[in-house]
file structure-v4.cif (mmCIF, C-alpha atoms; chains and numbers go by the auth columns)
data_work
#
loop_
_atom_site.group_PDB
_atom_site.id
_atom_site.type_symbol
_atom_site.label_atom_id
_atom_site.label_comp_id
_atom_site.label_asym_id
_atom_site.label_seq_id
_atom_site.Cartn_x
_atom_site.Cartn_y
_atom_site.Cartn_z
_atom_site.B_iso_or_equiv
_atom_site.auth_seq_id
_atom_site.auth_asym_id
ATOM 1 C CA MET A 1 -6.788 -31.833 -6.936 0.00 1 V
ATOM 2 C CA ALA A 2 -8.176 -35.003 -8.542 0.00 2 V
ATOM 3 C CA LEU A 3 -5.660 -37.439 -9.992 0.00 3 V
ATOM 4 C CA THR A 4 -7.333 -37.101 -13.396 0.00 4 V
ATOM 5 C CA HIS A 5 -6.152 -33.482 -13.467 0.00 5 V
ATOM 6 C CA ARG A 6 -2.545 -34.725 -13.337 0.00 6 V
ATOM 7 C CA VAL A 7 -2.990 -36.426 -16.722 0.00 7 V
ATOM 8 C CA LEU A 8 -2.430 -34.672 -20.053 0.00 8 V
ATOM 9 C CA THR A 9 -2.181 -35.483 -23.746 0.00 9 V
ATOM 10 C CA ILE A 10 -0.021 -33.544 -26.211 0.00 10 V
ATOM 11 C CA ARG A 11 -0.716 -34.673 -29.766 0.00 11 V
ATOM 12 C CA ARG A 12 -0.970 -33.388 -33.304 0.00 12 V
ATOM 13 C CA ASP A 13 -4.638 -33.326 -34.245 0.00 13 V
ATOM 14 C CA PRO A 14 -5.197 -35.594 -37.272 0.00 14 V
ATOM 15 C CA HIS A 15 -7.862 -33.292 -38.735 0.00 15 V
ATOM 16 C CA SER A 16 -6.497 -29.780 -38.227 0.00 16 V
ATOM 17 C CA GLY A 17 -2.802 -30.633 -38.013 0.00 17 V
ATOM 18 C CA GLU A 18 -2.482 -28.441 -34.889 0.00 18 V
ATOM 19 C CA VAL A 19 -0.457 -29.514 -31.853 0.00 19 V
ATOM 20 C CA LEU A 20 -2.991 -29.603 -29.005 0.00 20 V
ATOM 21 C CA ALA A 21 -2.673 -30.223 -25.270 0.00 21 V
ATOM 22 C CA HIS A 22 -5.701 -31.542 -23.367 0.00 22 V
ATOM 23 C CA GLY A 23 -6.206 -32.041 -19.638 0.00 23 V
ATOM 24 C CA GLY A 24 -4.218 -30.893 -16.650 0.00 24 V
ATOM 25 C CA ASP A 25 -4.786 -28.543 -13.727 0.00 25 V
ATOM 26 C CA PRO A 26 -3.996 -24.802 -13.412 0.00 26 V
ATOM 27 C CA GLU A 27 -0.328 -25.517 -12.690 0.00 27 V
ATOM 28 C CA ALA A 28 -0.041 -27.588 -15.879 0.00 28 V
ATOM 29 C CA HIS A 29 -1.830 -24.863 -17.848 0.00 29 V
ATOM 30 C CA SER A 30 0.647 -22.299 -16.541 0.00 30 V
ATOM 31 C CA ILE A 31 3.574 -24.484 -17.643 0.00 31 V
ATOM 32 C CA LEU A 32 2.035 -24.905 -21.093 0.00 32 V
ATOM 33 C CA GLN A 33 1.512 -21.169 -21.463 0.00 33 V
ATOM 34 C CA ARG A 34 5.083 -20.437 -20.343 0.00 34 V
ATOM 35 C CA THR A 35 6.262 -22.855 -23.037 0.00 35 V
ATOM 36 C CA GLY A 36 4.382 -20.967 -25.759 0.00 36 V
ATOM 37 C CA PHE A 37 0.966 -22.647 -25.857 0.00 37 V
ATOM 38 C CA VAL A 38 -2.188 -20.553 -26.227 0.00 38 V
ATOM 39 C CA PRO A 39 -5.291 -21.331 -24.104 0.00 39 V
ATOM 40 C CA VAL A 40 -8.530 -22.020 -25.992 0.00 40 V
ATOM 41 C CA VAL A 41 -11.885 -21.795 -24.199 0.00 41 V
ATOM 42 C CA ARG A 42 -14.831 -23.478 -25.918 0.00 42 V
ATOM 43 C CA LEU A 43 -18.408 -24.039 -24.799 0.00 43 V
ATOM 44 C CA HIS A 44 -17.833 -27.693 -23.891 0.00 44 V
ATOM 45 C CA GLU A 45 -14.048 -27.959 -23.503 0.00 45 V
ATOM 46 C CA ASN A 46 -10.847 -26.080 -22.743 0.00 46 V
ATOM 47 C CA TYR A 47 -7.473 -26.944 -24.201 0.00 47 V
ATOM 48 C CA HIS A 48 -4.189 -25.408 -25.348 0.00 48 V
ATOM 49 C CA ARG A 49 -2.692 -25.071 -28.830 0.00 49 V
ATOM 50 C CA LEU A 50 0.596 -23.857 -30.262 0.00 50 V
ATOM 51 C CA PRO A 51 0.618 -20.446 -31.989 0.00 51 V
ATOM 52 C CA THR A 52 -0.246 -20.289 -35.673 0.00 52 V
ATOM 53 C CA GLY A 53 2.452 -19.790 -38.287 0.00 53 V
ATOM 54 C CA LEU A 54 5.132 -22.075 -36.797 0.00 54 V
ATOM 55 C CA ASP A 55 6.929 -24.631 -38.909 0.00 55 V
ATOM 56 C CA GLN A 56 6.815 -28.270 -37.828 0.00 56 V
ATOM 57 C CA ALA A 57 10.367 -28.224 -36.447 0.00 57 V
ATOM 58 C CA GLU A 58 9.514 -25.345 -34.093 0.00 58 V
ATOM 59 C CA GLU A 59 6.249 -26.991 -33.111 0.00 59 V
ATOM 60 C CA ALA A 60 8.117 -30.181 -32.231 0.00 60 V
ATOM 61 C CA ARG A 61 10.676 -28.218 -30.212 0.00 61 V
ATOM 62 C CA LEU A 62 8.040 -26.431 -28.133 0.00 62 V
ATOM 63 C CA ALA A 63 5.912 -29.542 -27.622 0.00 63 V
ATOM 64 C CA THR A 64 8.966 -31.562 -26.554 0.00 64 V
ATOM 65 C CA ARG A 65 9.963 -28.840 -24.127 0.00 65 V
ATOM 66 C CA ALA A 66 6.450 -28.832 -22.652 0.00 66 V
ATOM 67 C CA VAL A 67 6.698 -32.599 -22.159 0.00 67 V
ATOM 68 C CA ALA A 68 10.055 -32.203 -20.392 0.00 68 V
ATOM 69 C CA ARG A 69 8.713 -29.478 -18.099 0.00 69 V
ATOM 70 C CA LEU A 70 5.508 -31.316 -17.236 0.00 70 V
ATOM 71 C CA GLN A 71 7.278 -34.610 -16.566 0.00 71 V
ATOM 72 C CA ALA A 72 9.711 -32.815 -14.251 0.00 72 V
ATOM 73 C CA VAL A 73 6.870 -31.977 -11.842 0.00 73 V
ATOM 74 C CA GLY A 74 5.162 -35.362 -11.991 0.00 74 V
ATOM 75 C CA TYR A 75 2.427 -35.124 -14.620 0.00 75 V
ATOM 76 C CA ASP A 76 1.333 -38.284 -16.416 0.00 76 V
ATOM 77 C CA LEU A 77 1.688 -37.575 -20.122 0.00 77 V
ATOM 78 C CA ALA A 78 0.515 -39.263 -23.297 0.00 78 V
ATOM 79 C CA ALA A 79 2.373 -37.597 -26.164 0.00 79 V
ATOM 80 C CA ASP A 80 3.135 -38.285 -29.806 0.00 80 V
ATOM 81 C CA SER A 81 6.413 -40.120 -30.313 0.00 81 V
ATOM 82 C CA ALA A 82 7.797 -37.015 -32.038 0.00 82 V
ATOM 83 C CA PHE A 83 7.493 -35.138 -28.722 0.00 83 V
ATOM 84 C CA ALA A 84 8.728 -37.889 -26.383 0.00 84 V
ATOM 85 C CA THR A 85 11.822 -37.140 -24.312 0.00 85 V
ATOM 86 C CA GLU A 86 13.623 -38.486 -21.271 0.00 86 V
ATOM 87 C CA HIS A 87 14.788 -34.985 -20.389 0.00 87 V
ATOM 88 C CA ARG A 88 13.382 -33.331 -17.261 0.00 88 V
ATOM 89 C CA GLU A 89 13.618 -29.556 -17.374 0.00 89 V
ATOM 90 C CA PRO A 90 13.848 -27.929 -13.918 0.00 90 V
ATOM 91 C CA HIS A 91 10.779 -25.977 -12.820 0.00 91 V
ATOM 92 C CA TYR A 92 11.733 -22.773 -11.016 0.00 92 V
ATOM 93 C CA LEU A 93 9.603 -20.596 -8.775 0.00 93 V
ATOM 94 C CA THR A 94 7.835 -18.110 -11.025 0.00 94 V
ATOM 95 C CA LEU A 95 7.467 -14.398 -10.404 0.00 95 V
ATOM 96 C CA GLY A 96 3.740 -14.912 -9.940 0.00 96 V
ATOM 97 C CA ALA A 97 4.361 -17.531 -7.255 0.00 97 V
ATOM 98 C CA GLN A 98 6.741 -15.181 -5.471 0.00 98 V
ATOM 99 C CA VAL A 99 4.086 -12.455 -5.472 0.00 99 V
ATOM 100 C CA ALA A 100 1.471 -14.938 -4.230 0.00 100 V
ATOM 101 C CA ASN A 101 3.799 -15.694 -1.331 0.00 101 V
ATOM 102 C CA LEU A 102 3.032 -12.179 -0.065 0.00 102 V
ATOM 103 C CA ALA A 103 -0.572 -13.308 0.454 0.00 103 V
ATOM 104 C CA THR A 104 0.710 -16.230 2.537 0.00 104 V
ATOM 105 C CA ARG A 105 2.783 -13.845 4.648 0.00 105 V
ATOM 106 C CA ILE A 106 -0.258 -11.636 5.233 0.00 106 V
ATOM 107 C CA ARG A 107 -2.487 -14.596 6.138 0.00 107 V
ATOM 108 C CA GLU A 108 0.076 -15.732 8.704 0.00 108 V
ATOM 109 C CA ALA A 109 0.870 -12.235 10.039 0.00 109 V
ATOM 110 C CA GLU A 110 0.247 -11.477 13.704 0.00 110 V
ATOM 111 C CA THR A 111 1.047 -7.749 13.701 0.00 111 V
ATOM 112 C CA THR A 112 0.360 -4.712 11.530 0.00 112 V
ATOM 113 C CA GLU A 113 4.117 -4.313 11.062 0.00 113 V
ATOM 114 C CA GLU A 114 4.306 -7.700 9.332 0.00 114 V
ATOM 115 C CA VAL A 115 1.474 -6.817 6.959 0.00 115 V
ATOM 116 C CA SER A 116 3.041 -3.425 6.287 0.00 116 V
ATOM 117 C CA GLU A 117 6.307 -5.101 5.280 0.00 117 V
ATOM 118 C CA ALA A 118 4.496 -7.383 2.824 0.00 118 V
ATOM 119 C CA LEU A 119 2.491 -4.512 1.302 0.00 119 V
ATOM 120 C CA THR A 120 5.671 -2.476 0.895 0.00 120 V
ATOM 121 C CA GLU A 121 6.815 -5.017 -1.702 0.00 121 V
ATOM 122 C CA LEU A 122 3.708 -4.090 -3.698 0.00 122 V
ATOM 123 C CA THR A 123 3.679 -0.332 -3.228 0.00 123 V
ATOM 124 C CA ALA A 124 7.324 0.828 -2.910 0.00 124 V
ATOM 125 C CA THR A 125 7.696 3.916 -5.090 0.00 125 V
ATOM 126 C CA HIS A 126 10.894 2.999 -6.927 0.00 126 V
ATOM 127 C CA ASP A 127 10.757 -0.776 -7.322 0.00 127 V
ATOM 128 C CA GLY A 128 7.423 -2.015 -5.969 0.00 128 V
ATOM 129 C CA ILE A 129 5.406 -4.617 -7.862 0.00 129 V
ATOM 130 C CA LEU A 130 2.492 -2.297 -8.713 0.00 130 V
ATOM 131 C CA PRO A 131 4.686 0.537 -10.103 0.00 131 V
ATOM 132 C CA ALA A 132 6.533 -2.111 -12.125 0.00 132 V
ATOM 133 C CA LEU A 133 3.198 -3.386 -13.472 0.00 133 V
ATOM 134 C CA ALA A 134 2.364 0.164 -14.567 0.00 134 V
ATOM 135 C CA GLU A 135 5.666 0.222 -16.468 0.00 135 V
ATOM 136 C CA VAL A 136 4.759 -3.058 -18.174 0.00 136 V
ATOM 137 C CA LEU A 137 1.387 -1.683 -19.277 0.00 137 V
ATOM 138 C CA SER A 138 3.006 1.497 -20.577 0.00 138 V
ATOM 139 C CA ALA A 139 5.716 -0.402 -22.470 0.00 139 V
ATOM 140 C CA THR A 140 3.112 -2.686 -24.056 0.00 140 V
ATOM 141 C CA ALA A 141 1.062 0.346 -25.090 0.00 141 V
ATOM 142 C CA ASP A 142 4.126 1.933 -26.711 0.00 142 V
ATOM 143 C CA PHE A 143 4.792 -1.280 -28.635 0.00 143 V
ATOM 144 C CA LEU A 144 1.199 -1.480 -29.877 0.00 144 V
ATOM 145 C CA GLN A 145 0.837 2.173 -30.832 0.00 145 V
ATOM 146 C CA ASP A 146 2.424 1.967 -34.281 0.00 146 V
ATOM 147 C CA LEU A 147 2.362 -1.786 -34.890 0.00 147 V
ATOM 148 C CA GLY A 148 0.126 -1.382 -37.921 0.00 148 V
ATOM 149 C CA HIS A 149 -3.267 -2.914 -37.113 0.00 149 V
ATOM 150 C CA PRO A 150 -6.194 -0.448 -37.079 0.00 150 V
ATOM 151 C CA ALA A 151 -7.225 -1.515 -33.558 0.00 151 V
ATOM 152 C CA ASP A 152 -3.721 -1.184 -32.095 0.00 152 V
ATOM 153 C CA PRO A 153 -3.891 2.530 -31.133 0.00 153 V
ATOM 154 C CA HIS A 154 -7.219 1.939 -29.356 0.00 154 V
ATOM 155 C CA THR A 155 -5.807 -1.019 -27.420 0.00 155 V
ATOM 156 C CA ALA A 156 -2.731 1.068 -26.531 0.00 156 V
ATOM 157 C CA ALA A 157 -4.956 3.857 -25.214 0.00 157 V
ATOM 158 C CA ARG A 158 -6.890 1.318 -23.131 0.00 158 V
ATOM 159 C CA LEU A 159 -3.680 0.004 -21.561 0.00 159 V
ATOM 160 C CA ARG A 160 -2.544 3.538 -20.711 0.00 160 V
ATOM 161 C CA HIS A 161 -5.938 4.181 -19.118 0.00 161 V
ATOM 162 C CA LEU A 162 -5.539 1.050 -17.000 0.00 162 V
ATOM 163 C CA ALA A 163 -2.071 2.157 -15.880 0.00 163 V
ATOM 164 C CA ASP A 164 -2.945 5.798 -15.236 0.00 164 V
ATOM 165 C CA GLU A 165 -6.410 5.420 -13.715 0.00 165 V
ATOM 166 C CA ARG A 166 -7.317 1.917 -12.548 0.00 166 V
ATOM 167 C CA LEU A 167 -3.900 0.722 -11.393 0.00 167 V
ATOM 168 C CA HIS A 168 -3.032 4.133 -9.964 0.00 168 V
ATOM 169 C CA GLY A 169 -6.169 3.967 -7.804 0.00 169 V
ATOM 170 C CA VAL A 170 -5.323 0.478 -6.533 0.00 170 V
ATOM 171 C CA THR A 171 -1.754 1.534 -5.749 0.00 171 V
ATOM 172 C CA SER A 172 -2.888 4.692 -3.956 0.00 172 V
ATOM 173 C CA ASP A 173 -5.396 2.801 -1.790 0.00 173 V
ATOM 174 C CA LEU A 174 -2.917 0.081 -0.880 0.00 174 V
ATOM 175 C CA ARG A 175 -0.269 2.654 0.040 0.00 175 V
ATOM 176 C CA HIS A 176 -2.786 4.279 2.350 0.00 176 V
ATOM 177 C CA VAL A 177 -3.496 0.935 4.032 0.00 177 V
ATOM 178 C CA ARG A 178 0.213 0.122 4.252 0.00 178 V
ATOM 179 C CA ASN A 179 1.067 3.487 5.837 0.00 179 V
ATOM 180 C CA GLY A 180 -1.796 3.118 8.276 0.00 180 V
ATOM 181 C CA PHE A 181 -0.512 -0.290 9.376 0.00 181 V
ATOM 182 C CA SER A 182 2.981 1.159 9.840 0.00 182 V
ATOM 183 C CA ASP A 183 1.683 3.787 12.282 0.00 183 V
ATOM 184 C CA ARG A 184 -0.797 1.514 14.013 0.00 184 V
ATOM 185 C CA GLN A 185 1.692 -0.976 15.517 0.00 185 V
ATOM 186 C CA ALA A 186 -1.013 -3.342 16.705 0.00 186 V
ATOM 187 C CA VAL A 187 -1.248 -7.059 17.361 0.00 187 V
ATOM 188 C CA HIS A 188 -4.138 -8.862 15.687 0.00 188 V
ATOM 189 C CA PRO A 189 -6.466 -10.019 18.498 0.00 189 V
ATOM 190 C CA HIS A 190 -7.219 -13.372 16.853 0.00 190 V
ATOM 191 C CA ARG A 191 -3.710 -14.212 15.663 0.00 191 V
ATOM 192 C CA SER A 192 -1.486 -13.390 18.614 0.00 192 V
ATOM 193 C CA PRO A 193 -0.186 -16.285 20.739 0.00 193 V
ATOM 194 C CA CYS A 194 -2.690 -17.178 23.471 0.00 194 V
ATOM 195 C CA PRO A 195 -1.356 -17.738 27.025 0.00 195 V
ATOM 196 C CA GLN A 196 -4.236 -20.153 27.720 0.00 196 V
ATOM 197 C CA GLU A 197 -5.093 -18.126 30.788 0.00 197 V
ATOM 198 C CA VAL A 198 -8.112 -16.161 31.959 0.00 198 V
ATOM 199 C CA ALA A 199 -7.626 -12.441 32.533 0.00 199 V
ATOM 200 C CA SER A 200 -7.001 -11.455 36.176 0.00 200 V
ATOM 201 C CA ASP A 201 -9.964 -9.048 36.139 0.00 201 V
ATOM 202 C CA GLU A 202 -12.420 -11.710 34.956 0.00 202 V
ATOM 203 C CA ARG A 203 -15.420 -11.676 37.335 0.00 203 V
ATOM 204 C CA GLU A 204 -16.628 -15.179 36.525 0.00 204 V
ATOM 205 C CA LYS A 205 -14.107 -17.501 38.167 0.00 205 V
ATOM 206 C CA SER A 206 -15.446 -20.431 36.166 0.00 206 V
ATOM 207 C CA ALA A 207 -14.476 -18.783 32.878 0.00 207 V
ATOM 208 C CA SER A 208 -11.965 -20.575 30.692 0.00 208 V
ATOM 209 C CA CYS A 209 -9.974 -19.555 27.630 0.00 209 V
ATOM 210 C CA PRO A 210 -11.974 -20.373 24.460 0.00 210 V
ATOM 211 C CA CYS A 211 -8.814 -21.016 22.420 0.00 211 V
ATOM 212 C CA PRO A 212 -8.035 -24.658 21.608 0.00 212 V
ATOM 213 C CA ALA A 213 -5.526 -26.226 23.943 0.00 213 V
ATOM 214 C CA PRO A 214 -1.986 -26.530 22.554 0.00 214 V
ATOM 215 C CA ALA A 215 -1.009 -29.890 21.094 0.00 215 V
ATOM 216 C CA ARG A 216 0.512 -32.202 23.642 0.00 216 V
ATOM 217 C CA ILE A 217 3.978 -33.619 23.059 0.00 217 V
ATOM 218 C CA PRO A 218 3.847 -37.443 23.111 0.00 218 V
ATOM 219 C CA THR A 219 5.405 -38.955 26.191 0.00 219 V
ATOM 220 C CA THR A 220 6.500 -42.452 27.155 0.00 220 V
ATOM 221 C CA PRO A 221 3.425 -44.692 27.526 0.00 221 V
ATOM 222 C CA SER A 222 2.473 -45.327 31.124 0.00 222 V
ATOM 223 C CA ALA A 223 0.042 -47.596 32.893 0.00 223 V
ATOM 224 C CA PRO A 224 -3.592 -46.732 32.161 0.00 224 V
ATOM 225 C CA ALA A 225 -5.275 -44.608 34.791 0.00 225 V
ATOM 226 C CA ALA A 226 -7.843 -46.255 37.028 0.00 226 V
ATOM 227 C CA ALA A 227 -11.454 -45.755 36.017 0.00 227 V
ATOM 228 C CA PRO A 228 -13.308 -43.148 38.111 0.00 228 V
ATOM 229 C CA PRO A 229 -15.696 -44.585 40.717 0.00 229 V
ATOM 230 C CA ALA A 230 -19.319 -44.967 39.672 0.00 230 V
ATOM 231 C CA PRO A 231 -21.548 -42.149 41.007 0.00 231 V
ATOM 232 C CA ALA A 232 -23.549 -43.139 44.128 0.00 232 V
ATOM 233 C CA GLY A 233 -27.323 -43.216 43.778 0.00 233 V
ATOM 234 C CA ARG A 234 -29.546 -40.734 45.597 0.00 234 V
ATOM 235 C CA ARG A 235 -30.799 -41.697 49.002 0.00 235 V
ATOM 236 C CA ARG A 236 -34.516 -41.870 49.378 0.00 236 V
#
call {"tool": "encode", "arguments": {"input": "structure-v4.cif", "output": "structure tokens"}}
result
Amino acid sequence: MALTHRVLTIRRDPHSGEVLAHGGDPEAHSILQRTGFVPVVRLHENYHRLPTGLDQAEEARLATRAVARLQAVGYDLAADSAFATEHREPHYLTLGAQVANLATRIREAETTEEVSEALTELTATHDGILPALAEVLSATADFLQDLGHPADPHTAARLRHLADERLHGVTSDLRHVRNGFSDRQAVHPHRSPCPQEVASDEREKSASCPCPAPARIPTTPSAPAAAPPAPAGRRR
């Protein structure tokens, strides 16, 4: 990530009066959103703003907290003096990051059992991530149903459709893959440790293992080896 993406400004816009945050990378944007900022996507720029309807004291509190969180993970900030703080708020591993760690486990897995274990965290019937996501969609739909805006019941129905149809299909397919891996009990042919040896039934005796040689452990320097003798010329 470019160093320019580690720089942000959090200022009150002199024209609109809104508290706006410009700059930053996806991690910074996530921190801003978790602090209450709303992403804005325009044709020529993207930025974040605080929600509408807040009084200035609440705006200052949220902006100051964003500064504290961003400074804690090393971002270079230019902020209004009203938002300046020496406080550094700890940044904890988010739920999303914990879920993303499952992808890391799968990328590093050598056996189907290891992948099955990671997918179980997603698909477990009682407390898997995907069933929990379905609960979140359903709870949000229930909240929207009678909130009062004419579009709310339609949005609620859409969320229930996502939970009952789209997400159910994803969960069902992943469970099928997970169960298949559990029964398969196989080692991935390109991820298992290589013995750096040629199979005993290899017909071509000159064959060599195509895997890269393991890294050598540095040893005590020794005298340089003598140069090989120059090849003799052909006799005429």
call {"tool": "residues_near_point", "arguments": {"input": "structure-v4.cif", "point": "(6.4, -40.0, -30.5)", "cutoff": "12 Å", "atoms": "only C-alpha atoms", "output": "MDAnalysis selection string"}}
result
chainID V and resid 9:12 60 63:64 67 77:86
call {"tool": "residues_around", "arguments": {"input": "structure-v4.cif", "residues": "Thr104 of chain V", "least_positions_apart": "3", "cutoff": "12 Å", "atoms": "only C-alpha atoms", "output": "ChimeraX atom specification"}}
result
/V:97-101,107-109,114-115,118-119
call {"tool": "atom_distance", "arguments": {"input": "structure-v4.cif", "atom1": "atom CA of Arg34 of chain V", "atom2": "atom CA of Leu93 of chain V"}}
result
12.4 Å
call {"tool": "resolve_selection", "arguments": {"input": "structure-v4.cif", "expression": "the PyMOL selection byres ((chain V and resi 50) around 7)", "output": "compact mmCIF listing (two decimals) with C-alpha atoms, keeping the file's coordinate frame"}}
result
# COMPACT_ATOMS: atom_id res chain seq x y z
CA VAL V 19 -0.46 -29.51 -31.85
CA LEU V 20 -2.99 -29.60 -29.00
CA GLY V 36 4.38 -20.97 -25.76
CA PHE V 37 0.97 -22.65 -25.86
CA VAL V 38 -2.19 -20.55 -26.23
CA ARG V 49 -2.69 -25.07 -28.83
CA PRO V 51 0.62 -20.45 -31.99
CA THR V 52 -0.25 -20.29 -35.67
call {"tool": "atom_distance", "arguments": {"input": "structure-v4.cif", "atom1": "atom CA of His44 of chain V", "atom2": "atom CA of Ala66 of chain V"}}
result
24.3 Å
call {"tool": "closest_residue", "arguments": {"input": "structure-v4.cif", "among": "V:His22, V:Arg6, V:Arg178, V:His15", "to": "Ser116 of chain V", "atoms": "all atoms listed in the file"}}
result
V:Arg178
call {"tool": "closest_residue", "arguments": {"input": "structure-v4.cif", "among": "V:Arg166, V:His91, V:His149, V:Arg105", "to": "Ala134 of chain V", "atoms": "only C-alpha atoms"}}
result
V:Arg166
call {"tool": "atom_distance", "arguments": {"input": "structure-v4.cif", "atom1": "atom CA of Gly53 of chain V", "atom2": "atom CA of Ser16 of chain V"}}
result
13.4 Å
call {"tool": "resolve_selection", "arguments": {"input": "structure-v4.cif", "expression": "the PyMOL selection byres ((chain V and resi 72) around 9)", "output": "PyMOL selection string"}}
result
chain V and resi 67-71+73-75+87-91
call {"tool": "residues_around", "arguments": {"input": "structure-v4.cif", "residues": "Gly23 of chain V", "least_positions_apart": "3", "cutoff": "7 Å", "atoms": "all atoms listed in the file", "output": "list in words"}}
result
His5, Val7, Leu8, Thr9 and Tyr47 of chain V
call {"tool": "residues_near_point", "arguments": {"input": "structure-v4.cif", "point": "(-4.1, 4.9, -25.6)", "cutoff": "12 Å", "atoms": "all atoms listed in the file", "output": "list in words"}}
result
Leu137, Ser138, Ala139, Thr140, Ala141, Asp142, Phe143, Leu144, Gln145, Asp146, Ala151, Asp152, Pro153, His154, Thr155, Ala156, Ala157, Arg158, Leu159, Arg160, His161, Leu162, Ala163 and Asp164 of chain V
